[in-house]
Each structure stands twice: as structure tokens, then as C-alpha cells.
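Visitor: mmCIF, C-alpha atoms and all ligand atoms, saved as my_file37.cif, coming up:
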```
data_final
#
loop_
_atom_site.group_PDB
_atom_site.id
_atom_site.type_symbol
_atom_site.label_atom_id
_atom_site.label_comp_id
_atom_site.auth_asym_id
_atom_site.auth_seq_id
_atom_site.Cartn_x
_atom_site.Cartn_y
_atom_site.Cartn_z
ATOM 1 C CA MET E 410 -10.460 -36.065 -108.458
ATOM 2 C CA THR E 411 -7.377 -36.169 -106.240
ATOM 3 C CA GLY E 412 -8.493 -32.841 -104.772
ATOM 4 C CA LEU E 413 -11.832 -34.373 -103.796
ATOM 5 C CA TRP E 414 -10.129 -37.263 -102.041
ATOM 6 C CA ILE E 415 -7.905 -34.883 -100.115
ATOM 7 C CA ALA E 416 -10.913 -32.780 -99.060
ATOM 8 C CA ALA E 417 -12.830 -35.904 -97.949
ATOM 9 C CA LEU E 418 -9.829 -37.155 -95.985
ATOM 10 C CA ALA E 419 -9.375 -33.771 -94.332
ATOM 11 C CA ALA E 420 -13.082 -33.702 -93.364
ATOM 12 C CA LEU E 421 -12.780 -37.198 -91.919
ATOM 13 C CA LEU E 422 -9.719 -36.251 -89.927
ATOM 14 C CA LEU E 423 -11.402 -33.119 -88.641
ATOM 15 C CA ALA E 424 -14.515 -35.099 -87.578
ATOM 16 C CA GLY E 425 -12.298 -37.626 -85.790
ATOM 17 C CA LEU E 426 -10.398 -34.849 -84.073
ATOM 18 C CA LEU E 427 -13.598 -33.144 -82.902
ATOM 19 C CA LEU E 428 -14.957 -36.456 -81.594
ATOM 20 C CA TRP E 429 -11.726 -37.146 -79.725
ATOM 21 C CA TRP E 430 -11.629 -33.637 -78.275
ATOM 22 C CA GLY E 431 -15.295 -33.809 -77.171
ATOM 23 C CA GLY E 432 -14.676 -37.147 -75.445
ATOM 24 C CA ARG E 433 -11.578 -35.777 -73.758
ATOM 25 C CA GLN E 434 -13.454 -32.734 -72.509
ATOM 26 C CA GLN E 435 -16.296 -34.960 -71.286
ATOM 27 C CA ARG E 436 -13.912 -37.218 -69.352
ATOM 28 C CA ALA E 437 -12.070 -34.215 -67.910
ATOM 29 C CA ALA E 438 -15.371 -32.890 -66.599
ATOM 30 C CA GLY E 439 -16.013 -36.226 -64.841
ATOM 31 C CA LEU E 440 -19.073 -36.956 -66.944
ATOM 32 C CA PRO E 441 -20.322 -40.465 -67.680
ATOM 33 C CA ARG E 442 -20.249 -41.830 -71.214
ATOM 34 C CA GLY E 443 -23.280 -40.640 -73.135
ATOM 35 C CA ARG E 444 -24.528 -37.639 -75.011
ATOM 36 C CA VAL E 445 -24.362 -34.285 -73.209
ATOM 37 C CA ILE E 446 -27.796 -32.801 -73.872
ATOM 38 C CA TYR E 447 -27.474 -29.814 -71.609
ATOM 39 C CA ALA E 448 -24.488 -27.994 -70.227
ATOM 40 C CA ASP E 449 -24.314 -24.798 -68.281
ATOM 41 C CA PRO E 450 -22.906 -22.469 -70.937
ATOM 42 C CA LYS E 451 -20.385 -21.181 -68.388
ATOM 43 C CA LEU E 452 -18.837 -24.660 -68.277
ATOM 44 C CA TRP E 453 -19.227 -26.168 -71.712
ATOM 45 C CA GLY E 454 -19.872 -23.890 -74.652
ATOM 46 C CA ARG E 455 -23.036 -24.284 -76.692
ATOM 47 C CA PRO E 456 -25.604 -26.949 -75.748
ATOM 48 C CA GLU E 457 -27.353 -29.188 -78.271
ATOM 49 C CA LYS E 458 -31.004 -28.567 -79.088
ATOM 50 C CA PRO E 459 -32.715 -31.041 -76.698
ATOM 51 C CA PHE E 460 -31.412 -28.863 -73.881
ATOM 52 C CA TYR E 461 -34.255 -26.439 -74.476
ATOM 53 C CA ALA E 462 -36.963 -29.091 -74.112
ATOM 54 C CA VAL E 463 -35.631 -30.327 -70.803
ATOM 55 C CA ALA E 464 -34.002 -27.314 -69.238
ATOM 56 C CA SER E 465 -36.861 -24.922 -69.957
ATOM 57 C CA ALA E 466 -39.043 -27.058 -67.696
ATOM 58 C CA LEU E 467 -36.556 -26.879 -64.847
ATOM 59 C CA THR E 468 -36.669 -24.164 -62.252
ATOM 60 C CA GLY E 469 -33.147 -24.998 -61.128
ATOM 61 C CA LYS E 470 -30.511 -26.073 -63.600
ATOM 62 C CA PRO E 471 -27.770 -28.623 -63.081
ATOM 63 C CA ASP E 472 -24.353 -28.103 -64.612
ATOM 64 C CA TYR E 473 -24.887 -30.938 -67.108
ATOM 65 C CA LEU E 474 -27.515 -33.381 -68.277
ATOM 66 C CA VAL E 475 -26.169 -36.512 -69.939
ATOM 67 C CA ALA E 476 -28.355 -38.896 -71.971
ATOM 68 C CA GLU E 477 -27.203 -42.447 -71.361
ATOM 69 C CA GLY E 478 -29.063 -45.674 -72.199
ATOM 70 C CA GLY E 479 -32.402 -43.878 -72.573
ATOM 71 C CA LYS E 480 -32.014 -42.117 -69.199
ATOM 72 C CA ILE E 481 -31.095 -38.547 -68.391
ATOM 73 C CA ILE E 482 -28.462 -38.155 -65.685
ATOM 74 C CA PRO E 483 -27.986 -34.803 -63.901
ATOM 75 C CA VAL E 484 -24.411 -33.827 -63.085
ATOM 76 C CA GLU E 485 -23.537 -31.162 -60.536
ATOM 77 C CA VAL E 486 -19.982 -29.807 -60.411
ATOM 78 C CA LYS E 487 -18.449 -28.395 -57.234
ATOM 79 C CA SER E 488 -15.181 -26.521 -57.301
ATOM 80 C CA SER E 489 -14.227 -27.584 -53.757
ATOM 81 C CA ARG E 490 -12.241 -30.655 -52.740
ATOM 82 C CA ALA E 491 -14.339 -33.739 -52.021
ATOM 83 C CA PRO E 492 -15.386 -34.554 -48.477
ATOM 84 C CA ASN E 493 -15.284 -38.231 -47.398
ATOM 85 C CA GLU E 494 -18.975 -38.423 -48.184
ATOM 86 C CA PRO E 495 -20.966 -35.889 -50.225
ATOM 87 C CA TYR E 496 -22.520 -33.163 -48.092
ATOM 88 C CA GLU E 497 -26.198 -33.678 -47.476
ATOM 89 C CA GLY E 498 -27.010 -30.260 -48.934
ATOM 90 C CA HIS E 499 -25.220 -31.157 -52.162
ATOM 91 C CA LEU E 500 -27.098 -34.463 -52.337
ATOM 92 C CA LEU E 501 -30.433 -32.754 -51.838
ATOM 93 C CA GLN E 502 -29.561 -30.273 -54.578
ATOM 94 C CA LEU E 503 -28.605 -33.123 -56.929
ATOM 95 C CA PHE E 504 -31.755 -35.075 -56.137
ATOM 96 C CA ALA E 505 -33.843 -31.953 -56.686
ATOM 97 C CA TYR E 506 -32.489 -32.003 -60.258
ATOM 98 C CA CYS E 507 -33.381 -35.709 -60.507
ATOM 99 C CA LEU E 508 -36.916 -34.861 -59.397
ATOM 100 C CA LEU E 509 -37.159 -32.001 -61.901
ATOM 101 C CA VAL E 510 -35.845 -34.169 -64.750
ATOM 102 C CA GLU E 511 -38.418 -36.836 -63.921
ATOM 103 C CA ARG E 512 -41.211 -34.261 -63.892
ATOM 104 C CA ALA E 513 -40.038 -32.652 -67.123
ATOM 105 C CA THR E 514 -39.439 -35.860 -69.111
ATOM 106 C CA GLY E 515 -41.478 -38.575 -67.379
ATOM 107 C CA GLN E 516 -38.257 -40.571 -66.987
ATOM 108 C CA ARG E 517 -36.702 -41.130 -63.606
ATOM 109 C CA PRO E 518 -32.913 -40.733 -63.448
ATOM 110 C CA PRO E 519 -31.575 -43.848 -61.682
ATOM 111 C CA TYR E 520 -28.741 -41.792 -60.212
ATOM 112 C CA GLY E 521 -27.071 -38.411 -60.287
ATOM 113 C CA ILE E 522 -23.431 -37.405 -60.321
ATOM 114 C CA LEU E 523 -21.631 -35.060 -57.939
ATOM 115 C CA ARG E 524 -18.287 -34.009 -59.318
ATOM 116 C CA TYR E 525 -15.882 -32.417 -56.804
ATOM 117 C CA ARG E 526 -12.485 -31.051 -57.777
ATOM 118 C CA ASP E 527 -10.679 -34.299 -56.942
ATOM 119 C CA ARG E 528 -13.364 -36.973 -56.817
ATOM 120 C CA THR E 529 -16.658 -37.934 -58.416
ATOM 121 C CA PHE E 530 -19.613 -39.619 -56.717
ATOM 122 C CA ALA E 531 -22.430 -41.403 -58.560
ATOM 123 C CA VAL E 532 -25.321 -41.495 -56.110
ATOM 124 C CA ASP E 533 -28.502 -43.552 -56.500
ATOM 125 C CA TYR E 534 -31.708 -41.560 -56.597
ATOM 126 C CA THR E 535 -33.693 -43.832 -54.303
ATOM 127 C CA PRO E 536 -37.345 -43.490 -53.204
ATOM 128 C CA GLU E 537 -36.005 -42.842 -49.686
ATOM 129 C CA TRP E 538 -33.942 -39.862 -50.881
ATOM 130 C CA GLU E 539 -36.886 -38.610 -52.907
ATOM 131 C CA GLN E 540 -39.096 -38.705 -49.805
ATOM 132 C CA ARG E 541 -36.414 -36.942 -47.777
ATOM 133 C CA LEU E 542 -36.232 -34.233 -50.435
ATOM 134 C CA LEU E 543 -40.007 -33.804 -50.517
ATOM 135 C CA ASP E 544 -40.050 -33.517 -46.710
ATOM 136 C CA GLU E 545 -37.309 -30.859 -46.865
ATOM 137 C CA LEU E 546 -39.273 -28.928 -49.482
ATOM 138 C CA ASP E 547 -42.397 -29.083 -47.309
ATOM 139 C CA THR E 548 -40.404 -27.744 -44.364
ATOM 140 C CA MET E 549 -38.974 -24.952 -46.493
ATOM 141 C CA ARG E 550 -42.403 -23.970 -47.762
ATOM 142 C CA ALA E 551 -43.734 -23.880 -44.193
ATOM 143 C CA LEU E 552 -40.772 -21.743 -43.101
ATOM 144 C CA GLU E 553 -41.226 -19.391 -46.051
ATOM 145 C CA LYS E 554 -44.649 -18.485 -44.724
ATOM 146 C CA ARG E 555 -43.067 -17.102 -41.573
ATOM 147 C CA ALA E 556 -41.873 -13.502 -41.782
ATOM 148 C CA SER E 557 -38.285 -14.353 -40.881
ATOM 149 C CA VAL E 558 -36.439 -17.516 -40.006
ATOM 150 C CA ASP E 559 -33.246 -17.473 -37.966
ATOM 151 C CA ARG E 560 -30.285 -19.684 -38.655
ATOM 152 C CA SER E 561 -30.398 -22.646 -36.259
ATOM 153 C CA HIS E 562 -26.614 -23.196 -35.902
ATOM 154 C CA GLU E 563 -23.181 -21.543 -35.785
ATOM 155 C CA ASP E 564 -21.379 -24.031 -38.018
ATOM 156 C CA PRO E 565 -19.566 -22.449 -40.997
ATOM 157 C CA ALA E 566 -18.713 -25.896 -42.440
ATOM 158 C CA ARG E 567 -22.385 -26.729 -42.630
ATOM 159 C CA CYS E 568 -23.056 -23.524 -44.572
ATOM 160 C CA ARG E 569 -20.117 -24.228 -46.905
ATOM 161 C CA GLY E 570 -21.704 -27.541 -47.890
ATOM 162 C CA CYS E 571 -25.249 -26.203 -48.110
ATOM 163 C CA GLY E 572 -27.042 -26.299 -51.444
ATOM 164 C CA PHE E 573 -29.000 -23.144 -50.544
ATOM 165 C CA ARG E 574 -25.890 -21.076 -49.800
ATOM 166 C CA SER E 575 -26.198 -18.959 -52.939
ATOM 167 C CA VAL E 576 -29.643 -17.689 -51.931
ATOM 168 C CA CYS E 577 -29.327 -17.692 -48.132
ATOM 169 C CA ASP E 578 -28.876 -14.309 -46.419
ATOM 170 C CA GLN E 579 -27.765 -15.924 -43.127
ATOM 171 C CA LYS E 580 -24.886 -18.035 -44.356
ATOM 172 C CA LEU E 581 -21.671 -18.092 -42.289
HETATM 173 S S1 LIG R 601 -27.669 -20.782 -42.731
HETATM 174 FE FE1 LIG R 601 -28.184 -20.766 -44.908
HETATM 175 S S2 LIG R 601 -26.343 -21.462 -45.956
HETATM 176 FE FE2 LIG R 601 -26.123 -22.007 -43.789
HETATM 177 S S3 LIG R 601 -26.892 -24.117 -43.659
HETATM 178 FE FE3 LIG R 601 -28.621 -22.775 -43.171
HETATM 179 S S4 LIG R 601 -29.666 -22.448 -45.147
HETATM 180 FE FE4 LIG R 601 -27.623 -23.273 -45.606
#
```
Can you dump the structure from the file as C-alpha cells?
Ligand code: SF4
Guide:
Amino acid sequence: MTGLWIAALAALLLAGLLLWWGGRQQRAAGLPRGRVIYADPKLWGRPEKPFYAVASALTGKPDYLVAEGGKIIPVEVKSSRAPNEPYEGHLLQLFAYCLLVERATGQRPPYGILRYRDRTFAVDYTPEWEQRLLDELDTMRALEKRASVDRSHEDPARCRGCGFRSVCDQKL
């Protein structure tokens, strides 16, 4: 009987330890309180099951999705130091994930999170930002129809903050 009690106590301690460690990891990543339902495996080990339902409907994938108060909040992590204000390209990327989450789940994220190396921004996903994003996407689609599109500037800082940098062949 004593053995059973010891085993139960050990299991309880282990569960508490895992909970504490998960919370610590979540805070270290700059995530809000809530259940992480998707995490880029490069950043956070194995995701829970609901990840498949949401993420399979996304064409782009944020670093994390956190379920909080019945809402799903996208989180994008940047390894660079934070600017005074988030770069517009990063915001558009984050809001693209908000748009995709809304389309995949029918629930609109009220905000998204941009986590830089030294600072975290929670940014409201407003109808104005959504419209701006849709306008940008329209422009991109129109440009895609042209055979080639030249870069319109010589500003390396702008490219560094651009959300399309990873796929752009004209970045500085
Ligand atoms: S050139 Fe490419 S990487 Fe630079 S701002 Fe334009 S789209 Fe972004």
C-alpha cells in the first residue's frame, strides 16, 4: 500500500513539474496565457492534436497559435531586436495569419502577437488593417501577372523588415 502512495505522489510531482516547465517555456517564448494549440516544431517540440485542424487549412504558418478565452491568437517570433514600432511588413505578415485563422476556424482573432528578441507587441487586428492587407494582396496578385517586377527602392532596412524577404529574389 505504501508503495502505491509513493507512486501516486511521484506521478503528482512529475505532473506538477511538467506543468511548471511548460508554463516557464511559454513565458520565455513571450506567449500569452492559454493553451498552445500549434507550434512550429522547430521552436517548440511536438504540437497538440488541434494543430492539424487549424494549421492544415493555412497556407502560411505562424510560429505559434494560442487558444485563449475561446479565441485563437497567432504569434510570430522574430530573432531580431525590436524596432520602436513593429515593421509594417511584419504586421502584414501577422495579420495575414489572423485572416487565415479566421477563414479556417470562423473565429476572428482580436489581436496577434509579434515577439522580437527583446520586446513583445500585442497588436489589434482591426478592420482597417484587414482592409490594408486585402489591398496589399490585390496589388501583389496584379504584380504577379506581370512577367517581372523590379524593386522600387534601394533601402536595405526596408528589406530587412519585410515579411516577404524569404521568398523575394530582389531583397537587399
Ligand atoms: S525588395 Fe523584396 S524583400 Fe525588399 S521590401 Fe521589396 S519585397 Fe520586401
Visitor: Kindly resolve the PyMOL selection byres (((not hetatm)) within 7 of (chain R and resi 601)) on the present coordinates and return the residues as a ChimeraX atom specification.
Guide: /E:560,567-569,571-574,577-581
Visitor: Please produce an output containing C-alpha atoms for each residue in the selection, written as a PDB file, keeping the file's coordinate frame.
Guide:
```pdb
ATOM      1  CA  ARG E 560     -30.285 -19.684 -38.655  1.00  0.00           C
ATOM      2  CA  ARG E 567     -22.385 -26.729 -42.630  1.00  0.00           C
ATOM      3  CA  CYS E 568     -23.056 -23.524 -44.572  1.00  0.00           C
ATOM      4  CA  ARG E 569     -20.117 -24.228 -46.905  1.00  0.00           C
ATOM      5  CA  CYS E 571     -25.249 -26.203 -48.110  1.00  0.00           C
ATOM      6  CA  GLY E 572     -27.042 -26.299 -51.444  1.00  0.00           C
ATOM      7  CA  PHE E 573     -29.000 -23.144 -50.544  1.00  0.00           C
ATOM      8  CA  ARG E 574     -25.890 -21.076 -49.800  1.00  0.00           C
ATOM      9  CA  CYS E 577     -29.327 -17.692 -48.132  1.00  0.00           C
ATOM     10  CA  ASP E 578     -28.876 -14.309 -46.419  1.00  0.00           C
ATOM     11  CA  GLN E 579     -27.765 -15.924 -43.127  1.00  0.00           C
ATOM     12  CA  LYS E 580     -24.886 -18.035 -44.356  1.00  0.00           C
ATOM     13  CA  LEU E 581     -21.671 -18.092 -42.289  1.00  0.00           C
TER      14      LEU E 581
END
```
Visitor: For the atom pair atom CA of E:Leu503 and atom CA of E:Tyr520, what is the interatomic distance in Å to one decimal place?
Guide: 9.3 Å
Visitor: Show me as a PyMOL selection string the residues that reach within 12 Å of (-34.8, -36.2, -62.0), counting all atoms listed in the file and using the file's own coordinates.
Guide: chain E and resi 463-464+466-467+469-471+474-475+480-484+501-522+533-536+538-539+542
Visitor: Looking at E:Glu563, E:Gly570, E:Arg550, E:Glu545, which one is nearest to E:Lys487, with distances taken over all atoms listed in the file?
Guide: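 Of E:Glu563, E:Gly570, E:Arg550, E:Glu545, the one nearest E:Lys487 is E:Gly570, counting all atoms listed in the file.
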Visitor: Please compute the atom CA of E:Ser575-atom CA of E:Asp527 distance, one decimal, in Å.
Guide: 22.2 Å
Visitor: List every protein, DNA or RNA residue that has an atom no more than 12 Å from (-20.2, -40.5, -56.6) in the file's coordinate frame, counting all atoms listed in the file, and report them as a count of residues only.
Guide: 29
Visitor: Just give me the gap between atom CA of E:Asp547 and atom CA of E:Asp564 in Å, one decimal is fine.
Guide: 23.5 Å
